[in-house]
>>> print(open('start10.cif').read())   # mmCIF, C-alpha atoms and all ligand atoms
data_work
#
loop_
_atom_site.label_atom_id
_atom_site.label_comp_id
_atom_site.auth_asym_id
_atom_site.auth_seq_id
_atom_site.Cartn_x
_atom_site.Cartn_y
_atom_site.Cartn_z
CA MET A 1 -57.03 13.82 -87.35
CA GLN A 2 -53.78 15.52 -88.28
CA ILE A 3 -51.37 16.35 -85.47
CA LYS A 4 -48.84 19.12 -86.02
CA ALA A 5 -45.78 17.11 -85.04
CA THR A 6 -42.05 17.10 -85.77
CA PRO A 7 -40.61 16.40 -88.32
CA PHE A 8 -43.96 16.47 -90.18
CA PRO A 9 -47.69 16.05 -89.47
CA PHE A 10 -48.79 12.79 -87.84
CA ASN A 11 -52.00 11.22 -89.13
CA LEU A 12 -53.97 9.92 -86.18
CA GLU A 13 -57.00 7.71 -86.73
CA PRO A 14 -58.42 7.39 -83.18
CA ALA A 15 -60.02 3.95 -83.64
CA ARG A 16 -56.71 2.52 -84.86
CA THR A 17 -54.46 4.24 -82.34
CA ALA A 18 -53.53 3.21 -78.80
CA LEU A 19 -52.18 5.40 -76.03
CA VAL A 20 -49.17 3.57 -74.54
CA ILE A 21 -48.01 4.70 -71.10
CA ILE A 22 -44.59 3.29 -70.29
CA ASP A 23 -43.65 2.32 -66.73
CA MET A 24 -45.26 5.16 -64.75
CA GLN A 25 -44.82 3.01 -61.67
CA ARG A 26 -43.69 3.93 -58.18
CA ASP A 27 -40.35 2.09 -58.75
CA PHE A 28 -39.21 4.90 -61.06
CA ILE A 29 -41.05 7.95 -59.74
CA GLU A 30 -41.02 7.67 -55.95
CA PRO A 31 -38.07 7.51 -53.55
CA GLY A 32 -37.03 4.04 -52.43
CA GLY A 33 -37.68 2.26 -55.74
CA PHE A 34 -35.57 0.89 -58.56
CA GLY A 35 -34.83 4.32 -60.07
CA GLU A 36 -33.39 5.66 -56.84
CA THR A 37 -31.40 2.49 -56.10
CA LEU A 38 -29.61 3.08 -59.42
CA GLY A 39 -28.45 6.43 -58.05
CA ASN A 40 -30.98 8.74 -59.70
CA ASP A 41 -32.89 11.79 -58.44
CA VAL A 42 -36.42 10.51 -59.03
CA SER A 43 -38.06 13.87 -58.29
CA LEU A 44 -37.19 14.97 -61.84
CA LEU A 45 -39.76 12.55 -63.22
CA GLN A 46 -42.66 13.84 -61.14
CA ALA A 47 -42.97 16.99 -63.26
CA ILE A 48 -44.68 15.15 -66.12
CA ILE A 49 -47.52 13.71 -64.02
CA PRO A 50 -50.08 16.54 -64.58
CA ALA A 51 -49.62 16.69 -68.38
CA THR A 52 -49.65 12.90 -68.64
CA GLN A 53 -52.82 12.67 -66.58
CA LYS A 54 -54.52 15.31 -68.74
CA VAL A 55 -53.84 13.32 -71.92
CA LEU A 56 -54.94 10.07 -70.28
CA HIS A 57 -58.25 11.61 -69.21
CA ALA A 58 -58.87 13.13 -72.65
CA TRP A 59 -58.05 9.80 -74.31
CA ARG A 60 -60.46 7.99 -72.01
CA ARG A 61 -63.23 10.51 -72.72
CA GLN A 62 -62.80 9.80 -76.42
CA GLY A 63 -63.04 6.04 -75.78
CA GLY A 64 -59.56 5.24 -77.06
CA LEU A 65 -57.55 2.14 -76.18
CA VAL A 66 -55.14 2.65 -73.28
CA ILE A 67 -52.14 0.39 -72.65
CA HIS A 68 -50.12 0.66 -69.44
CA THR A 69 -46.80 -1.10 -69.00
CA ARG A 70 -44.77 -1.93 -65.92
CA GLU A 71 -41.17 -3.08 -65.82
CA SER A 72 -41.64 -6.05 -63.62
CA HIS A 73 -40.21 -9.44 -62.76
CA ARG A 74 -41.66 -12.65 -61.35
CA PRO A 75 -41.10 -13.16 -57.61
CA ASP A 76 -38.82 -16.14 -58.39
CA LEU A 77 -36.79 -13.94 -60.77
CA ALA A 78 -37.07 -16.60 -63.49
CA ASP A 79 -37.56 -13.82 -66.05
CA CYS A 80 -34.69 -11.66 -64.78
CA PRO A 81 -31.41 -12.51 -66.48
CA PRO A 82 -28.49 -12.54 -64.01
CA ALA A 83 -26.78 -10.04 -66.34
CA LYS A 84 -29.55 -7.56 -65.56
CA ARG A 85 -29.69 -8.24 -61.82
CA ASN A 86 -25.92 -8.19 -61.35
CA ARG A 87 -25.24 -5.04 -63.39
CA GLY A 88 -23.41 -2.23 -61.62
CA THR A 89 -23.35 -1.45 -57.92
CA PRO A 90 -26.91 -0.37 -57.02
CA ALA A 91 -27.93 0.23 -53.40
CA LEU A 92 -30.48 -2.59 -53.78
CA ARG A 93 -30.75 -5.16 -56.56
CA ILE A 94 -33.86 -6.38 -58.37
CA GLY A 95 -35.71 -8.70 -55.97
CA ASP A 96 -34.16 -7.20 -52.81
CA GLN A 97 -36.44 -5.89 -50.09
CA GLY A 98 -36.81 -2.11 -50.22
CA PRO A 99 -39.08 0.43 -48.53
CA MET A 100 -41.80 -0.18 -51.18
CA GLY A 101 -41.43 -3.96 -51.15
CA ARG A 102 -39.15 -6.08 -53.33
CA ILE A 103 -37.48 -4.01 -56.03
CA LEU A 104 -39.15 -4.34 -59.48
CA ILE A 105 -41.18 -7.41 -58.51
CA ALA A 106 -44.75 -7.95 -59.72
CA GLY A 107 -47.39 -7.34 -57.09
CA GLU A 108 -45.18 -5.31 -54.74
CA PRO A 109 -46.28 -1.77 -53.75
CA GLY A 110 -43.38 -0.20 -55.66
CA ASN A 111 -44.39 -1.97 -58.83
CA GLN A 112 -47.84 -0.34 -58.94
CA ILE A 113 -48.61 2.42 -61.40
CA ILE A 114 -48.83 5.76 -59.59
CA GLU A 115 -52.28 6.65 -58.34
CA ALA A 116 -52.73 9.65 -60.68
CA LEU A 117 -52.49 7.33 -63.69
CA ALA A 118 -53.90 4.11 -62.24
CA PRO A 119 -55.44 1.81 -64.85
CA ILE A 120 -59.23 1.50 -64.96
CA GLU A 121 -61.37 -1.41 -66.12
CA GLY A 122 -60.98 -2.21 -69.79
CA GLU A 123 -57.43 -0.89 -70.04
CA VAL A 124 -54.59 -3.27 -70.85
CA VAL A 125 -51.71 -3.68 -68.40
CA ILE A 126 -48.55 -5.29 -69.75
CA ASP A 127 -45.90 -6.55 -67.35
CA LYS A 128 -42.61 -6.53 -69.17
CA PRO A 129 -39.33 -8.10 -68.06
CA GLY A 130 -37.24 -6.00 -70.45
CA LYS A 131 -36.80 -2.37 -71.33
CA GLY A 132 -38.85 -2.79 -74.52
CA ALA A 133 -42.61 -3.31 -74.17
CA PHE A 134 -42.73 -5.92 -76.96
CA TYR A 135 -39.99 -8.24 -75.70
CA ALA A 136 -41.50 -11.36 -74.04
CA THR A 137 -44.99 -9.80 -73.74
CA ALA A 138 -48.39 -10.15 -75.42
CA LEU A 139 -48.42 -6.50 -76.53
CA HIS A 140 -48.14 -7.01 -80.30
CA GLY A 141 -50.95 -9.58 -80.24
CA GLU A 142 -53.19 -7.29 -78.17
CA LEU A 143 -52.66 -4.48 -80.67
CA GLN A 144 -53.07 -6.66 -83.77
CA ARG A 145 -56.29 -8.14 -82.39
CA ARG A 146 -57.73 -4.61 -82.19
CA ALA A 147 -56.37 -3.55 -85.62
CA ILE A 148 -54.21 -0.84 -84.02
CA ARG A 149 -51.75 0.78 -86.45
CA SER A 150 -50.43 3.80 -84.57
CA LEU A 151 -49.19 4.38 -81.03
CA VAL A 152 -49.03 7.55 -78.94
CA PHE A 153 -46.34 7.20 -76.28
CA MET A 154 -45.93 8.77 -72.84
CA GLY A 155 -43.91 7.64 -69.82
CA VAL A 156 -40.43 7.02 -68.46
CA THR A 157 -37.60 7.06 -69.03
CA THR A 158 -37.30 8.67 -72.44
CA GLU A 159 -34.04 7.13 -73.58
CA VAL A 160 -34.42 3.77 -71.87
CA CYS A 161 -37.84 2.08 -71.85
CA VAL A 162 -39.71 4.62 -73.97
CA GLN A 163 -37.20 4.76 -76.78
CA THR A 164 -36.60 0.99 -76.72
CA SER A 165 -40.37 0.37 -76.95
CA MET A 166 -40.72 2.88 -79.78
CA ARG A 167 -37.94 1.22 -81.73
CA GLU A 168 -39.54 -2.19 -81.23
CA ALA A 169 -42.91 -0.76 -82.33
CA ASN A 170 -41.34 0.89 -85.36
CA ASP A 171 -39.88 -2.44 -86.51
CA ARG A 172 -43.31 -4.06 -86.12
CA GLY A 173 -44.95 -1.55 -88.45
CA TYR A 174 -46.53 0.96 -86.09
CA ASP A 175 -46.37 4.73 -86.58
CA CYS A 176 -45.28 6.20 -83.25
CA LEU A 177 -45.82 9.66 -81.75
CA LEU A 178 -44.05 10.62 -78.51
CA LEU A 179 -45.55 13.43 -76.41
CA GLU A 180 -42.59 15.63 -75.49
CA ASP A 181 -43.87 16.97 -72.14
CA CYS A 182 -45.25 13.58 -71.07
CA THR A 183 -41.92 11.80 -71.02
CA GLU A 184 -38.87 12.38 -68.83
CA SER A 185 -35.39 11.14 -68.11
CA TYR A 186 -33.17 11.27 -65.03
CA PHE A 187 -30.74 13.00 -67.43
CA PRO A 188 -32.16 16.11 -69.17
CA GLY A 189 -29.51 15.91 -71.88
CA PHE A 190 -30.48 12.33 -72.66
CA LYS A 191 -34.14 13.33 -73.00
CA SER A 192 -33.40 16.01 -75.58
CA ALA A 193 -30.97 13.75 -77.45
CA ALA A 194 -33.56 10.95 -77.51
CA LEU A 195 -36.24 13.27 -78.88
CA GLU A 196 -33.87 14.42 -81.59
CA MET A 197 -32.71 10.95 -82.60
CA ILE A 198 -36.29 9.63 -82.73
CA ARG A 199 -37.47 12.26 -85.23
CA ALA A 200 -34.21 12.71 -87.21
CA GLN A 201 -33.73 11.30 -90.70
CA GLY A 202 -37.39 11.76 -91.64
CA ALA A 203 -38.84 10.28 -88.43
CA ILE A 204 -36.51 7.27 -88.47
CA VAL A 205 -38.16 6.03 -85.24
CA GLY A 206 -41.19 8.30 -84.97
CA TRP A 207 -42.70 11.73 -84.46
CA THR A 208 -42.74 14.03 -81.42
CA ALA A 209 -45.19 16.77 -80.40
CA PRO A 210 -46.21 18.73 -77.30
CA SER A 211 -49.30 17.27 -75.62
CA ALA A 212 -51.23 20.54 -76.06
CA ILE A 213 -51.24 19.98 -79.83
CA LEU A 214 -52.81 16.54 -79.41
CA LEU A 215 -55.32 17.81 -76.84
CA ALA A 216 -56.38 20.66 -79.12
CA ALA A 217 -56.90 18.25 -82.02
CA MET A 218 -59.01 15.97 -79.80
CA GLU A 219 -61.42 18.72 -78.72
N1 LIG B 301 -32.97 3.36 -65.57
C1 LIG B 301 -33.79 3.93 -66.43
O1 LIG B 301 -33.60 5.07 -66.86
N2 LIG B 301 -34.89 3.27 -66.84
C2 LIG B 301 -35.23 1.97 -66.59
O2 LIG B 301 -34.47 1.20 -66.00
N3 LIG B 301 -36.48 1.56 -66.98
C3 LIG B 301 -37.37 2.38 -67.68
O3 LIG B 301 -36.99 3.30 -68.38
N4 LIG B 301 -38.67 2.14 -67.49
#
>>> encode(input="start10.cif", output="structure tokens")
Amino acid sequence: MQIKATPFPFNLEPARTALVIIDMQRDFIEPGGFGETLGNDVSLLQAIIPATQKVLHAWRRQGGLVIHTRESHRPDLADCPPAKRNRGTPALRIGDQGPMGRILIAGEPGNQIIEALAPIEGEVVIDKPGKGAFYATALHGELQRRAIRSLVFMGVTTEVCVQTSMREANDRGYDCLLLEDCTESYFPGFKSAALEMIRAQGAIVGWTAPSAILLAAME
């Protein structure tokens, strides 16, 4: 399959490609979670849910591997460096009790992936303590075990966890495609800058494309 992407076509071999959905959890997308405690307007992120869901459903129909990630810490915070917890002046810190349970803690209501994109049986869920999906997780092993070579990315936020994960993936030898309308930032200018820096210099980090192009190719 060849996807008309920027800066040039992206070769997608479905059996060797995983769909990676970064951190579409209530903490970032609904009021009262980590995203809002940092001072952000989380409603901006809700706009990508329909397009993201459409791609997820199409990918499932085709039988492709789906990976979900969650930014998440252990209840005892052993995997949360004090430098991360103590950064800035948020309304609530990681581990504090919020309206959706403890902020960014595994198992709490706020840490769950939003219902529209909830994982189903057979899909891989990676809990990650960092911004990157490869740092201190089993993700690379899970992908290697299945002979995955390419990754299609969706999720939030574009310039933080998505871009960090794409850069980590790039350094581990994966070709990465980011779906432009299936990723969002709290800062529109940061989203467009991230898209540009990913595909600049001959796809230095990866490719980008609108989801409609991928969906058309999958039909
Ligand atoms: N703050 C922000 O934009 N993002 C994060 O803290 N995590 C993710 O991007 N998932």
>>> closest_atom_pairs(input="start10.cif", of="chain A", to="ligand LIG 301 (chain B)", cutoff="6 Å", atoms="only C-alpha atoms and all ligand atoms", output="tab-separated table")
residue	atom	partner	partner_atom	distance
A:Asp23	CA	B:LIG301	N4	5.0
A:Gly35	CA	B:LIG301	N1	5.9
A:Lys131	CA	B:LIG301	N3	5.9
A:Val156	CA	B:LIG301	O3	5.1
A:Thr157	CA	B:LIG301	O3	3.9
A:Val160	CA	B:LIG301	O3	4.4
A:Cys161	CA	B:LIG301	O3	3.8
>>> closest_residue(input="start10.cif", among="A:Phe187, A:Leu143, A:Ile213, A:Met166", to="A:Asp41", atoms="all atoms listed in the file")
A:Phe187
>>> atom_distance(input="start10.cif", atom1="atom CA of A:Ala136", atom2="atom CA of A:Asp171")
15.4 Å
>>> atom_distance(input="start10.cif", atom1="atom CA of A:Arg85", atom2="atom CA of A:Ile105")
12.0 Å
>>> atom_distance(input="start10.cif", atom1="atom CA of A:Leu44", atom2="atom CA of A:Glu30")
10.1 Å
